[in-house]
Structures are given as structure tokens and as C-alpha cells.
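A.B. asks: Dropping in query20.pdb, with PDB, C-alpha atoms.
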```
ATOM      1  CA  MET K   1      -1.242-111.570 -58.034
ATOM      2  CA  LEU K   2      -1.680-115.294 -58.585
ATOM      3  CA  ARG K   3       0.723-116.922 -60.990
ATOM      4  CA  LYS K   4      -0.688-118.729 -64.006
ATOM      5  CA  ARG K   5      -1.325-122.404 -63.288
ATOM      6  CA  THR K   6       1.482-124.242 -65.060
ATOM      7  CA  ALA K   7       1.432-127.573 -63.206
ATOM      8  CA  SER K   8      -0.970-129.970 -61.507
ATOM      9  CA  VAL K   9      -0.884-132.353 -58.564
ATOM     10  CA  ILE K  10      -3.621-134.999 -58.327
ATOM     11  CA  ILE K  11      -4.067-136.443 -54.833
ATOM     12  CA  PHE K  12      -6.093-139.648 -54.338
ATOM     13  CA  HIS K  13      -7.647-140.263 -50.911
ATOM     14  CA  GLY K  14      -7.753-143.566 -49.044
ATOM     15  CA  SER K  15     -10.691-145.972 -48.823
ATOM     16  CA  GLY K  16     -13.807-144.548 -47.198
ATOM     17  CA  ASP K  17     -12.600-140.952 -47.422
ATOM     18  CA  THR K  18     -13.340-138.160 -49.913
ATOM     19  CA  GLY K  19     -11.339-135.569 -51.795
ATOM     20  CA  ALA K  20     -12.551-132.907 -49.382
ATOM     21  CA  GLY K  21     -11.630-135.172 -46.487
ATOM     22  CA  ILE K  22      -7.968-135.585 -47.394
ATOM     23  CA  LYS K  23      -7.698-131.908 -48.332
ATOM     24  CA  ASN K  24      -8.936-130.993 -44.852
ATOM     25  CA  TRP K  25      -6.550-133.562 -43.335
ATOM     26  CA  VAL K  26      -3.639-131.823 -45.060
ATOM     27  CA  ARG K  27      -4.909-128.454 -43.814
ATOM     28  CA  SER K  28      -5.263-129.715 -40.247
ATOM     29  CA  LEU K  29      -1.678-131.007 -40.155
ATOM     30  CA  LEU K  30      -0.016-128.078 -41.937
ATOM     31  CA  GLY K  31      -2.371-125.337 -40.793
ATOM     32  CA  ARG K  32      -2.735-124.330 -44.451
ATOM     33  CA  ASP K  33      -2.991-125.684 -47.973
ATOM     34  CA  PHE K  34       0.008-126.933 -49.930
ATOM     35  CA  LYS K  35       2.155-124.092 -51.267
ATOM     36  CA  GLY K  36       2.530-123.201 -54.937
ATOM     37  CA  SER K  37       0.161-120.663 -56.466
ATOM     38  CA  HIS K  38       1.209-121.854 -59.927
ATOM     39  CA  ILE K  39       0.124-125.416 -59.109
ATOM     40  CA  ARG K  40      -3.423-126.730 -59.417
ATOM     41  CA  TYR K  41      -4.043-129.205 -56.562
ATOM     42  CA  VAL K  42      -6.804-131.645 -57.503
ATOM     43  CA  TYR K  43      -8.569-133.739 -54.846
ATOM     44  CA  PRO K  44     -10.987-136.129 -56.594
ATOM     45  CA  THR K  45     -13.492-138.336 -54.755
ATOM     46  CA  ALA K  46     -13.774-142.049 -55.496
ATOM     47  CA  PRO K  47     -17.120-143.525 -56.585
ATOM     48  CA  TRP K  48     -19.565-144.925 -54.034
ATOM     49  CA  GLN K  49     -19.427-148.703 -54.508
ATOM     50  CA  SER K  50     -19.395-152.059 -52.749
ATOM     51  CA  TYR K  51     -16.103-152.866 -51.025
ATOM     52  CA  THR K  52     -15.366-156.464 -50.045
ATOM     53  CA  PRO K  53     -13.030-155.679 -47.089
ATOM     54  CA  TYR K  54     -15.953-153.725 -45.584
ATOM     55  CA  ASP K  55     -18.112-156.884 -45.795
ATOM     56  CA  GLY K  56     -19.558-155.663 -49.072
ATOM     57  CA  GLU K  57     -20.844-152.394 -47.672
ATOM     58  CA  GLU K  58     -20.633-149.375 -49.960
ATOM     59  CA  ALA K  59     -17.965-146.725 -49.528
ATOM     60  CA  ASN K  60     -15.969-144.198 -51.512
ATOM     61  CA  VAL K  61     -13.281-146.492 -52.941
ATOM     62  CA  TRP K  62     -11.248-146.399 -56.136
ATOM     63  CA  PHE K  63     -11.503-150.149 -56.705
ATOM     64  CA  ASP K  64     -12.661-153.321 -55.003
ATOM     65  CA  ARG K  65     -10.377-156.079 -53.783
ATOM     66  CA  LYS K  66     -10.983-159.344 -52.029
ATOM     67  CA  LYS K  67      -8.333-158.835 -49.381
ATOM     68  CA  ILE K  68      -5.914-156.187 -48.157
ATOM     69  CA  HIS K  69      -2.700-158.186 -48.396
ATOM     70  CA  ILE K  70       0.422-158.005 -50.514
ATOM     71  CA  ALA K  71       0.091-161.666 -51.516
ATOM     72  CA  ALA K  72      -3.522-161.307 -52.690
ATOM     73  CA  ASP K  73      -4.296-161.453 -56.395
ATOM     74  CA  GLU K  74      -4.743-158.167 -58.221
ATOM     75  CA  GLU K  75      -7.936-158.297 -60.275
ATOM     76  CA  SER K  76      -7.767-156.294 -63.504
ATOM     77  CA  ASP K  77     -11.567-156.103 -63.791
ATOM     78  CA  ASN K  78     -11.705-154.267 -60.470
ATOM     79  CA  MET K  79      -9.023-151.803 -61.566
ATOM     80  CA  SER K  80     -10.615-150.778 -64.874
ATOM     81  CA  GLY K  81     -12.978-148.196 -63.382
ATOM     82  CA  ALA K  82     -10.161-146.617 -61.383
ATOM     83  CA  TYR K  83      -8.027-146.480 -64.525
ATOM     84  CA  ASP K  84     -10.800-144.648 -66.365
ATOM     85  CA  ILE K  85     -10.996-142.070 -63.576
ATOM     86  CA  ALA K  86      -7.212-141.575 -63.474
ATOM     87  CA  ASN K  87      -6.965-141.262 -67.247
ATOM     88  CA  ASP K  88      -9.837-138.754 -67.322
ATOM     89  CA  LEU K  89      -8.148-136.651 -64.633
ATOM     90  CA  ILE K  90      -4.903-136.603 -66.592
ATOM     91  CA  GLU K  91      -6.807-135.659 -69.754
ATOM     92  CA  GLN K  92      -8.509-132.793 -67.919
ATOM     93  CA  GLN K  93      -5.102-131.380 -66.974
ATOM     94  CA  LEU K  94      -3.830-131.749 -70.544
ATOM     95  CA  ASP K  95      -6.960-130.037 -71.876
ATOM     96  CA  GLY K  96      -6.260-127.217 -69.423
ATOM     97  CA  GLY K  97      -2.830-126.687 -70.953
ATOM     98  CA  ILE K  98      -0.732-128.610 -68.419
ATOM     99  CA  PRO K  99       1.797-130.936 -70.125
ATOM    100  CA  GLN K 100       2.370-134.467 -68.832
ATOM    101  CA  HIS K 101       5.837-133.665 -67.492
ATOM    102  CA  ARG K 102       4.251-131.005 -65.242
ATOM    103  CA  ILE K 103       1.805-133.400 -63.560
ATOM    104  CA  ILE K 104       2.421-135.264 -60.297
ATOM    105  CA  VAL K 105       0.093-137.931 -58.913
ATOM    106  CA  GLY K 106       0.035-139.099 -55.321
ATOM    107  CA  GLY K 107      -2.146-140.534 -52.636
ATOM    108  CA  PHE K 108      -2.689-142.119 -49.271
ATOM    109  CA  SER K 109      -3.246-145.870 -48.752
ATOM    110  CA  MET K 110      -5.552-147.112 -51.553
ATOM    111  CA  GLY K 111      -5.062-143.725 -53.185
ATOM    112  CA  GLY K 112      -1.305-144.260 -53.070
ATOM    113  CA  ALA K 113      -1.758-147.600 -54.824
ATOM    114  CA  LEU K 114      -3.810-145.899 -57.545
ATOM    115  CA  ALA K 115      -1.087-143.259 -57.903
ATOM    116  CA  LEU K 116       1.488-146.026 -58.416
ATOM    117  CA  HIS K 117      -0.710-147.640 -61.069
ATOM    118  CA  THR K 118      -1.247-144.253 -62.715
ATOM    119  CA  GLY K 119       2.423-143.298 -62.919
ATOM    120  CA  TYR K 120       3.991-146.674 -63.649
ATOM    121  CA  HIS K 121       1.308-148.499 -65.662
ATOM    122  CA  LEU K 122      -1.025-145.940 -67.273
ATOM    123  CA  ASN K 123       1.302-143.013 -67.954
ATOM    124  CA  THR K 124       5.066-143.088 -67.379
ATOM    125  CA  ASN K 125       5.606-139.553 -68.734
ATOM    126  CA  LEU K 126       4.470-137.775 -65.577
ATOM    127  CA  ALA K 127       6.743-135.616 -63.404
ATOM    128  CA  GLY K 128       6.515-137.751 -60.296
ATOM    129  CA  VAL K 129       4.572-140.101 -58.049
ATOM    130  CA  PHE K 130       4.200-140.069 -54.277
ATOM    131  CA  ALA K 131       2.595-142.770 -52.169
ATOM    132  CA  HIS K 132       1.934-142.631 -48.419
ATOM    133  CA  SER K 133       1.147-145.816 -46.460
ATOM    134  CA  ALA K 134       0.552-147.752 -49.681
ATOM    135  CA  PHE K 135       1.581-150.975 -51.408
ATOM    136  CA  LEU K 136       1.216-152.962 -54.618
ATOM    137  CA  ASN K 137       0.223-156.601 -54.806
ATOM    138  CA  ARG K 138       3.190-158.886 -55.361
ATOM    139  CA  LYS K 139       2.027-159.856 -58.850
ATOM    140  CA  SER K 140       0.840-156.371 -59.804
ATOM    141  CA  ILE K 141       0.486-155.482 -63.466
ATOM    142  CA  VAL K 142       2.571-152.409 -62.621
ATOM    143  CA  TYR K 143       5.686-154.570 -62.338
ATOM    144  CA  GLU K 144       4.907-156.229 -65.643
ATOM    145  CA  SER K 145       4.521-152.839 -67.343
ATOM    146  CA  LEU K 146       7.863-151.612 -66.030
ATOM    147  CA  GLN K 147       9.718-154.459 -67.729
ATOM    148  CA  ASN K 148       9.463-152.478 -70.982
ATOM    149  CA  GLU K 149      10.046-148.940 -69.646
ATOM    150  CA  THR K 150      13.318-147.023 -69.543
ATOM    151  CA  GLU K 151      12.115-143.565 -68.442
ATOM    152  CA  THR K 152       9.752-143.355 -65.473
ATOM    153  CA  PRO K 153       8.565-140.695 -62.995
ATOM    154  CA  GLU K 154      10.545-140.127 -59.808
ATOM    155  CA  LEU K 155       9.042-141.875 -56.777
ATOM    156  CA  ASN K 156       8.598-140.576 -53.232
ATOM    157  CA  MET K 157       7.218-143.085 -50.687
ATOM    158  CA  PHE K 158       6.452-142.733 -46.973
ATOM    159  CA  HIS K 159       5.368-145.396 -44.496
ATOM    160  CA  GLY K 160       4.812-145.601 -40.760
ATOM    161  CA  THR K 161       6.602-148.363 -38.894
ATOM    162  CA  ASP K 162       3.523-149.041 -36.734
ATOM    163  CA  ASP K 163       0.985-149.147 -39.584
ATOM    164  CA  ASP K 164      -1.599-151.802 -38.645
ATOM    165  CA  VAL K 165      -3.575-151.555 -41.915
ATOM    166  CA  VAL K 166      -0.852-151.618 -44.560
ATOM    167  CA  ASP K 167       2.143-153.379 -43.048
ATOM    168  CA  PHE K 168       5.381-151.387 -43.170
ATOM    169  CA  ALA K 169       7.119-154.373 -44.780
ATOM    170  CA  TRP K 170       4.616-154.303 -47.679
ATOM    171  CA  GLY K 171       5.426-150.701 -48.460
ATOM    172  CA  LEU K 172       9.174-151.323 -48.279
ATOM    173  CA  GLU K 173       8.903-154.422 -50.486
ATOM    174  CA  THR K 174       6.888-152.439 -53.024
ATOM    175  CA  TYR K 175       9.497-149.692 -53.079
ATOM    176  CA  ASN K 176      12.408-152.117 -53.441
ATOM    177  CA  THR K 177      10.689-153.961 -56.285
ATOM    178  CA  LEU K 178      10.044-150.699 -58.142
ATOM    179  CA  ILE K 179      13.684-149.643 -57.666
ATOM    180  CA  ASP K 180      14.891-153.017 -58.946
ATOM    181  CA  LEU K 181      12.818-152.367 -62.080
ATOM    182  CA  GLY K 182      14.574-149.077 -62.749
ATOM    183  CA  VAL K 183      12.442-146.506 -60.927
ATOM    184  CA  ARG K 184      14.381-143.712 -59.206
ATOM    185  CA  GLY K 185      13.150-142.535 -55.851
ATOM    186  CA  SER K 186      13.256-142.401 -52.080
ATOM    187  CA  PHE K 187      11.554-144.222 -49.218
ATOM    188  CA  THR K 188      11.035-142.453 -45.889
ATOM    189  CA  ARG K 189      10.521-144.548 -42.773
ATOM    190  CA  LEU K 190       8.236-142.831 -40.254
ATOM    191  CA  PRO K 191       9.116-144.155 -36.771
ATOM    192  CA  ASN K 192       6.135-144.948 -34.508
ATOM    193  CA  ALA K 193       3.643-143.649 -37.100
ATOM    194  CA  GLU K 194       0.467-145.641 -37.668
ATOM    195  CA  HIS K 195      -1.813-145.622 -40.758
ATOM    196  CA  GLU K 196      -1.813-141.850 -40.995
ATOM    197  CA  LEU K 197      -0.446-138.793 -42.718
ATOM    198  CA  MET K 198       2.204-136.907 -40.773
ATOM    199  CA  GLU K 199       3.141-133.237 -40.734
ATOM    200  CA  SER K 200       6.778-134.142 -41.420
ATOM    201  CA  SER K 201       5.924-136.272 -44.457
ATOM    202  CA  LEU K 202       3.582-133.624 -45.873
ATOM    203  CA  LEU K 203       6.287-130.984 -45.552
ATOM    204  CA  ASP K 204       8.714-133.303 -47.349
ATOM    205  CA  VAL K 205       6.152-133.953 -50.104
ATOM    206  CA  GLU K 206       5.530-130.233 -50.441
ATOM    207  CA  GLN K 207       9.219-129.409 -50.845
ATOM    208  CA  TRP K 208       9.605-132.215 -53.381
ATOM    209  CA  ILE K 209       6.587-130.985 -55.363
ATOM    210  CA  LEU K 210       7.839-127.390 -55.387
ATOM    211  CA  GLN K 211      11.291-128.519 -56.499
ATOM    212  CA  LYS K 212       9.971-130.680 -59.345
ATOM    213  CA  LEU K 213       7.330-128.211 -60.488
ATOM    214  CA  SER K 214       9.203-124.925 -59.957
TER
END
```
Can you give me the file's structure in the form of C-alpha cells?

C.D. replies:
Amino acid sequence: MLRKRTASVIIFHGSGDTGAGIKNWVRSLLGRDFKGSHIRYVYPTAPWQSYTPYDGEEANVWFDRKKIHIAADEESDNMSGAYDIANDLIEQQLDGGIPQHRIIVGGFSMGGALALHTGYHLNTNLAGVFAHSAFLNRKSIVYESLQNETETPELNMFHGTDDDVVDFAWGLETYNTLIDLGVRGSFTRLPNAEHELMESSLLDVEQWILQKLS
């Protein structure tokens, strides 16, 4: 018998992917879905819109940005649509009877960035945040928001040392900045891994989710 759903995990995919795509990626690496029959795993798909790093071509992306670089400016106008989506997803879980402290958000690459914005700018009452191969811009509004926060979700970050899309140093700098601002968490270095999910990191995420949402 399935247990009643008492918690939710929202997982945001990377640029150009879909919710079904990252769900299948998880399945292909683990040979199954994430464990936890009491947990609702939500895999949303980003809107189809123009994306500047793809020379303006349309793709499933959470937000637009002029450049993929930690020193680039973060444009609040581009983030507003993604914020609406994230807030709506949280509201859907609340309407379904899941309290904020039983919700985890996470994601890969751009999806990891959105998860960081969701848990440390939009809603700091969540159970946790995980980000894989992701970073925040150096002058991100997330850092500004954390200046006034005392209680924040636990953070779990993973990054491949050979990532040629999101530099490993960007992920580590993001983590260190968040820790300096009072966030509790862990950063896992993935030796020789490129811009990709790994079986080992997914197993770690799974254990962390099950522990926090037991």
C-alpha cells in the first residue's frame, strides 16, 4: 500500500531540457525512480522562449540571460517569469496539504540556479535546496536577500571538476558565499565529472531527501 503523500520535491531541469527529460535521466542513472512513496516528486518543464546564449533561438528555459558567466549581471526582469512559476509550484504543494517545511527544491544547471533563487530569495521556509552543476551571479539578488535572514533551508551542492559549461570554481564560489551568509550545507566535488548528473550524486541526494523528509 502506498503511503500518503506528506512531502514534495520539485526538480528543475537544465536549459534546453524538459521535466520528462531529467526524470528519464535520473531513471537511466539509477535504474529506477527516486525512493520515497510518501514523497511527491514534481518535474516541471520550463516555458518555450528565446534564449540569448543560444543566439536567440527558442528553447525550454526558466529565464533568459545575456551570458553564462559568474561575473555577468543578473537581470531581475528576466527572472520574474521564473519566480512566478516557482511560486505557483510551491502554492500547488501547499494547496495539496504539504507544508513548506516538507518541501525541497533542487535542480541541474539553470534549474539548480532557479532552486537557489527559490529557497534563498523567494521562500526561506523550505526543508532544503539542492543544486547540481549550478551557480549564482556574483551580484545575485539572492545574496542581498540573505542579509536579512536568520533561518534558511539546508543546502546540498554538487559540481564536476571538469565541467566545461558551468566552471567548477563558479559553483564553489557560490557555495562559499552562501555559507558566509549563514546558510548551512555541504559541497561535493565530483572528480573528472563534466556538465552531467552522476549516479553517485543522485544516490547522495536521495539519501539526503529521505533523511530530511522521513

A.B. asks: What does the distance between CA of Gly16 (chain K) and CA of Leu89 (chain K) come to in Å, to one decimal place?

C.D. replies: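 Going from CA of Gly16 (chain K) over to CA of Leu89 (chain K), I get 20.0 Å.
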
A.B. asks: Evaluate the PyMOL selection byres ((chain K and resi 48) around 8) here and jot the selected residues down as a PyMOL selection string.

C.D. replies: chain K and resi 46-47+49-50+58-61

A.B. asks: Evaluated on this file, the PyMOL selection byres ((chain K and resi 165-169) around 12) picks out some residues - which ones are they, written as a PyMOL selection string?

C.D. replies: chain K and resi 14-15+53+67-70+108-110+112-113+132-137+157-164+170-176+187-196

A.B. asks: List the residues selected by the PyMOL selection byres ((chain K and resi 95-104) around 7) in the file shown, writing them as a compact mmCIF listing (two decimals) with C-alpha atoms, in the frame of the given file.

C.D. replies:
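Here's the written file expr25.txt:
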```
# COMPACT_ATOMS: atom_id res chain seq x y z
CA THR K 6 1.48 -124.24 -65.06
CA ALA K 7 1.43 -127.57 -63.21
CA SER K 8 -0.97 -129.97 -61.51
CA VAL K 9 -0.88 -132.35 -58.56
CA ILE K 10 -3.62 -135.00 -58.33
CA GLU K 91 -6.81 -135.66 -69.75
CA GLN K 92 -8.51 -132.79 -67.92
CA GLN K 93 -5.10 -131.38 -66.97
CA LEU K 94 -3.83 -131.75 -70.54
CA VAL K 105 0.09 -137.93 -58.91
CA GLY K 106 0.04 -139.10 -55.32
CA ASN K 125 5.61 -139.55 -68.73
CA LEU K 126 4.47 -137.78 -65.58
CA ALA K 127 6.74 -135.62 -63.40
CA GLY K 128 6.52 -137.75 -60.30
CA VAL K 129 4.57 -140.10 -58.05
CA LEU K 213 7.33 -128.21 -60.49
```

A.B. asks: With distances taken over all atoms listed in the file, which of K:Asp64, K:Ile141, K:Gly107, K:Asn87 is nearest to Thr18 (chain K)?

C.D. replies: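 Smallest distance to Thr18 (chain K) is found for K:Gly107.
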
A.B. asks: Taking only C-alpha atoms into account, which of K:Arg32, K:Lys139, K:Arg5, K:His13 comes nearest Ala115 (chain K)?

C.D. replies: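 The shortest atom-to-atom distance to Ala115 (chain K) comes from K:His13.
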
A.B. asks: Just the residues within 8 Å of Tyr43 (chain K), please, counting all atoms listed in the file, with nothing from its chain fewer than 4 positions along; format it as a count of residues only.

C.D. replies: 8

A.B. asks: CA of Ala131 (chain K) to CA of Ala82 (chain K): how many Å, to one decimal?

C.D. replies: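 Pair CA of Ala131 (chain K) / CA of Ala82 (chain K) returns 16.2 Å.
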
A.B. asks: Calculated over all atoms listed in the file, which of the candidates K:Leu116, K:Leu30, K:Leu122, K:Ala71 has the smallest distance to Tyr83 (chain K)?

C.D. replies: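 Counting all atoms listed in the file, the residue closest to Tyr83 (chain K) is K:Leu122.
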